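Heads up: the structure comes next, in structure tokens.
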Amino acid sequence: MRKSCLILALASTLGFSAEPEVHEIVFASCFKETRPAPALKVVVDLKPDVFIWMGDNIYGDSPDAAVLRQKYQLVREHPEYAKLRSETKVIGTWDDHDYGKNDAGKEFASKVAMQKELLDFLDEPADSPRRKQEGVYGFSDFGPKGKQVRVVLLDTRYHRDEIGSDLEMLGEAQWKWLEETLVGSKAQVNIVVSSIQFLAEEHRFEKWANFPKERARMLKLLARADVLPVIVLSGDRHLAEISVDRESCGYPLYDITSSSLNLALGGGNDEPNKYREGRNFRPANFGTLSFDWSREVPVVTACIRDDEGVPQRAVSMELVK
């Protein structure tokens, strides 16, 4: 019996979990598959427990699944990403460019084929519920009992109505699943991943504020007494920033935006956002979540890092209502 198998068998016999503690999660979005990606080596060197793709994981922008498959393969063949994938649990969702069309929603005719391509890229098991449902939403739990992290991945594309309609973004099946997933969570840290920003309202790009009823519904869900506090992670914007709503949920609700991993667009950092703490950050970046389990209520530190790994923005929080 190999040593690792012996450890697992012994843990089972003694009645405790062999699941390792989660100490660091990396999250990122907006990756141009044909451009250099110095941040990937930095990410690999950090040795995170989990890596989260938050969308625009490639710039596919085609109704042809074969085109996206080829671009995903370029990412898989990148030496640093191949190493990351071999050493770290990789999970993720999509946004519009890896969905196949800019700003697209439920009207996109190729969405079924694109779902398969994304899940193949993420090495999603053949028997995963994500392969059988309409949409790529799902959740994963990491860490032992009492020190557990639940990552909830939303799909803001597959069921989304036209921008400006103020109709659906998630669809009723996903809403039902999300409520059950959050109410049923026993994790000490709960993370909700949205490909687009949840809190920011003023900018002209895609955001939850384009669907006010859906946004209000989410805030109402997160404020429920039977739903534990969450951290929202988002991408899409080719900027990084830390936003917080201190009024709606009974606790400070943070939306940590990280974008882009290697496709910075530049521009000033004076864009209005009434929820933002400090200034936004425009150069290439990725985000980290670090966990201090030494206290009764764990402390989570969210950090935006540049492509050399240098911290640029950070906030620490205790998730209590």
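Ordered as shown in the structure tokens, chains take letters A, B, and onward, while each chain numbers its residues from 1 and ligands are numbered from 1 in the order shown.
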I'd like the contact shell of region 145-157 of chain A - 8 Å cut-off, only C-alpha atoms, skipping same-chain residues fewer than 6 positions apart - returned as a ChimeraX atom specification.
/A:17,21-22,92-96,99,104-106,135-139,169-170,181,185-196,293
Just to be explicit: take each residue in the selection above, keep N, CA and C atoms, and write the result as a compact mmCIF listing (two decimals), in the first residue's frame.
# COMPACT_ATOMS: atom_id res chain seq x y z
N SER A 17 -11.24 13.42 9.10
CA SER A 17 -11.08 13.67 7.67
C SER A 17 -9.62 13.87 7.30
N GLU A 21 -6.47 21.24 4.83
CA GLU A 21 -6.98 22.60 5.00
C GLU A 21 -6.68 23.42 3.74
N VAL A 22 -7.58 24.34 3.45
CA VAL A 22 -7.37 25.30 2.37
C VAL A 22 -6.72 26.54 2.94
N GLY A 92 -14.12 26.36 -12.43
CA GLY A 92 -14.45 27.62 -13.07
C GLY A 92 -15.80 27.67 -13.71
N THR A 93 -16.14 28.87 -14.17
CA THR A 93 -17.34 29.14 -14.94
C THR A 93 -16.92 29.92 -16.18
N TRP A 94 -17.91 30.41 -16.93
CA TRP A 94 -17.59 31.14 -18.16
C TRP A 94 -18.19 32.54 -18.14
N ASP A 95 -17.77 33.35 -19.09
CA ASP A 95 -18.40 34.63 -19.38
C ASP A 95 -18.67 34.66 -20.88
N ASP A 96 -18.82 35.84 -21.47
CA ASP A 96 -19.32 35.88 -22.85
C ASP A 96 -18.31 35.39 -23.89
N TYR A 99 -18.12 31.82 -23.80
CA TYR A 99 -19.47 31.34 -24.15
C TYR A 99 -19.60 31.27 -25.67
N ALA A 104 -23.45 37.84 -25.10
CA ALA A 104 -24.55 36.95 -25.47
C ALA A 104 -25.24 36.37 -24.24
N GLY A 105 -26.50 35.96 -24.44
CA GLY A 105 -27.30 35.33 -23.41
C GLY A 105 -27.95 34.07 -23.94
N LYS A 106 -29.20 33.82 -23.52
CA LYS A 106 -29.86 32.55 -23.81
C LYS A 106 -30.19 32.37 -25.29
N GLY A 135 -26.74 24.71 -18.44
CA GLY A 135 -25.93 25.72 -17.77
C GLY A 135 -24.80 25.09 -17.00
N VAL A 136 -23.75 25.89 -16.72
CA VAL A 136 -22.52 25.35 -16.13
C VAL A 136 -22.40 25.66 -14.63
N TYR A 137 -23.48 26.08 -13.99
CA TYR A 137 -23.41 26.37 -12.56
C TYR A 137 -23.10 25.08 -11.78
N GLY A 138 -22.48 25.27 -10.61
CA GLY A 138 -22.12 24.13 -9.77
C GLY A 138 -21.41 24.62 -8.53
N PHE A 139 -21.13 23.70 -7.59
CA PHE A 139 -20.37 24.10 -6.41
C PHE A 139 -19.38 23.00 -6.05
N MET A 169 -31.77 36.48 -15.34
CA MET A 169 -30.36 36.25 -15.59
C MET A 169 -30.00 34.80 -15.31
N LEU A 170 -30.42 34.28 -14.17
CA LEU A 170 -30.03 32.93 -13.77
C LEU A 170 -31.00 31.85 -14.24
N THR A 181 -28.30 25.33 -2.36
CA THR A 181 -26.86 25.23 -2.14
C THR A 181 -26.40 26.13 -1.00
N SER A 185 -25.51 24.82 3.05
CA SER A 185 -24.07 24.86 3.30
C SER A 185 -23.74 24.84 4.78
N LYS A 186 -22.78 24.00 5.14
CA LYS A 186 -22.24 23.97 6.50
C LYS A 186 -20.81 24.50 6.52
N ALA A 187 -20.37 25.06 5.40
CA ALA A 187 -19.00 25.56 5.30
C ALA A 187 -18.80 26.80 6.15
N GLN A 188 -17.58 26.97 6.63
CA GLN A 188 -17.25 28.17 7.42
C GLN A 188 -17.02 29.38 6.52
N VAL A 189 -16.63 29.16 5.27
CA VAL A 189 -16.45 30.24 4.29
C VAL A 189 -17.21 29.86 3.03
N ASN A 190 -18.07 30.77 2.57
CA ASN A 190 -18.87 30.54 1.38
C ASN A 190 -18.57 31.63 0.36
N ILE A 191 -18.22 31.19 -0.85
CA ILE A 191 -17.80 32.09 -1.91
C ILE A 191 -18.74 31.92 -3.09
N VAL A 192 -19.25 33.02 -3.62
CA VAL A 192 -20.09 33.00 -4.81
C VAL A 192 -19.32 33.65 -5.95
N VAL A 193 -19.15 32.92 -7.05
CA VAL A 193 -18.41 33.42 -8.20
C VAL A 193 -19.39 33.84 -9.29
N SER A 194 -19.35 35.11 -9.64
CA SER A 194 -20.17 35.67 -10.72
C SER A 194 -19.23 36.20 -11.79
N SER A 195 -19.46 35.83 -13.05
CA SER A 195 -18.54 36.28 -14.09
C SER A 195 -18.57 37.79 -14.25
N ILE A 196 -19.70 38.43 -13.96
CA ILE A 196 -19.82 39.88 -14.06
C ILE A 196 -19.99 40.49 -12.68
N TRP A 293 -7.16 30.05 9.94
CA TRP A 293 -8.09 29.17 10.65
C TRP A 293 -7.80 29.13 12.15
Hey, what's within 6 Å of region 255-260 of chain A if we count only C-alpha atoms and toss same-chain stuff fewer than 6 positions away? As a JSON list (two decimals) with C-alpha atoms, in the first residue's frame, please?
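What landed in around-v8.json:
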[["chain", "number", "residue", "atom", "x", "y", "z"],
["A", 28, "ALA", "CA", -8.61, 35.18, -12.28],
["A", 29, "SER", "CA", -10.43, 36.13, -15.48],
["A", 30, "CYS", "CA", -9.91, 37.46, -18.99],
["A", 232, "VAL", "CA", -18.57, 37.49, -4.10],
["A", 233, "LEU", "CA", -15.79, 37.13, -6.68],
["A", 234, "SER", "CA", -16.18, 38.65, -10.15],
["A", 235, "GLY", "CA", -14.21, 39.36, -13.32],
["A", 237, "ARG", "CA", -13.98, 44.33, -16.44],
["A", 238, "HIS", "CA", -10.24, 44.47, -17.27],
["A", 239, "LEU", "CA", -9.72, 46.15, -13.94],
["A", 240, "ALA", "CA", -9.52, 45.05, -10.33],
["A", 241, "GLU", "CA", -11.29, 46.62, -7.39],
["A", 242, "ILE", "CA", -12.79, 45.88, -3.99],
["A", 243, "SER", "CA", -16.44, 46.84, -3.55],
["A", 284, "ALA", "CA", -2.70, 42.81, -15.41],
["A", 285, "ASN", "CA", -3.69, 41.13, -12.16],
["A", 286, "PHE", "CA", -5.05, 38.12, -10.33],
["A", 287, "GLY", "CA", -6.69, 37.67, -6.95]]
Please, what distance in Å, to one decimal, runs between CA of Lys41 (chain A) and CA of Pro125 (chain A)?
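Separation of CA of Lys41 (chain A) and CA of Pro125 (chain A): 26.6 Å.
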Correct to one decimal, the distance CA of Lys101 (chain A)-CA of Asp61 (chain A) is 4.7 Å
Quick one: DSSP strand (DSSP E or B) residues in region 72-224 of chain A, as number ranges by chain?
A: 89-92, 138-142, 149-153, 189-194
Go ahead and compute the interatomic distance for CA of Gly143 (chain A) and CA of Asp49 (chain A), in Å to one decimal.
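It comes out at 9.7 Å.
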A:Ser110, A:Ser165, A:Asn102, A:Gln174 ranked by distance to Arg130 (chain A), top pick (using only C-alpha atoms):
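Checking each of A:Ser110, A:Ser165, A:Asn102, A:Gln174 against Arg130 (chain A), counting only C-alpha atoms, the winner is A:Gln174.
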Within 12 Å of Arg224 (chain A), counting only C-alpha atoms, which residues qualify if same-chain residues fewer than 3 places away don't, as a ChimeraX atom specification?
/A:179,182-183,217-221,227-230,248-251,321
Would you kindly return, as a VMD selection string, each protein, DNA or RNA residue with an atom no farther than 10 Å from any atom of Lys274 (chain A), considering only C-alpha atoms and excluding same-chain residues fewer than 3 positions away?
chain A and resid 199 to 202 243 to 245 271 277
Alpha helix (DSSP H) per DSSP on the backbone: members of region 115-260 of chain A, as a ChimeraX atom specification
/A:115-121,172-183,212-223
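Ranking A:Glu180, A:Asp161, A:Glu117, A:Asp45 by their shortest atom-to-atom distance to Asp226 (chain A), with only C-alpha atoms included, puts A:Glu180 first.
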Using only C-alpha atoms, pick whichever of A:Leu178, A:Ala65, A:Ala173, A:Leu167 has the shortest atom-to-atom distance to Asp120 (chain A).
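Ranked by minimum distance to Asp120 (chain A), first place goes to A:Ala65.
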Counting only C-alpha atoms, the residue of A:Phe281, A:Phe27, A:Glu80, A:Trp208 that sits nearest Gly267 (chain A)
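Smallest separation from Gly267 (chain A) among the options: A:Phe281.
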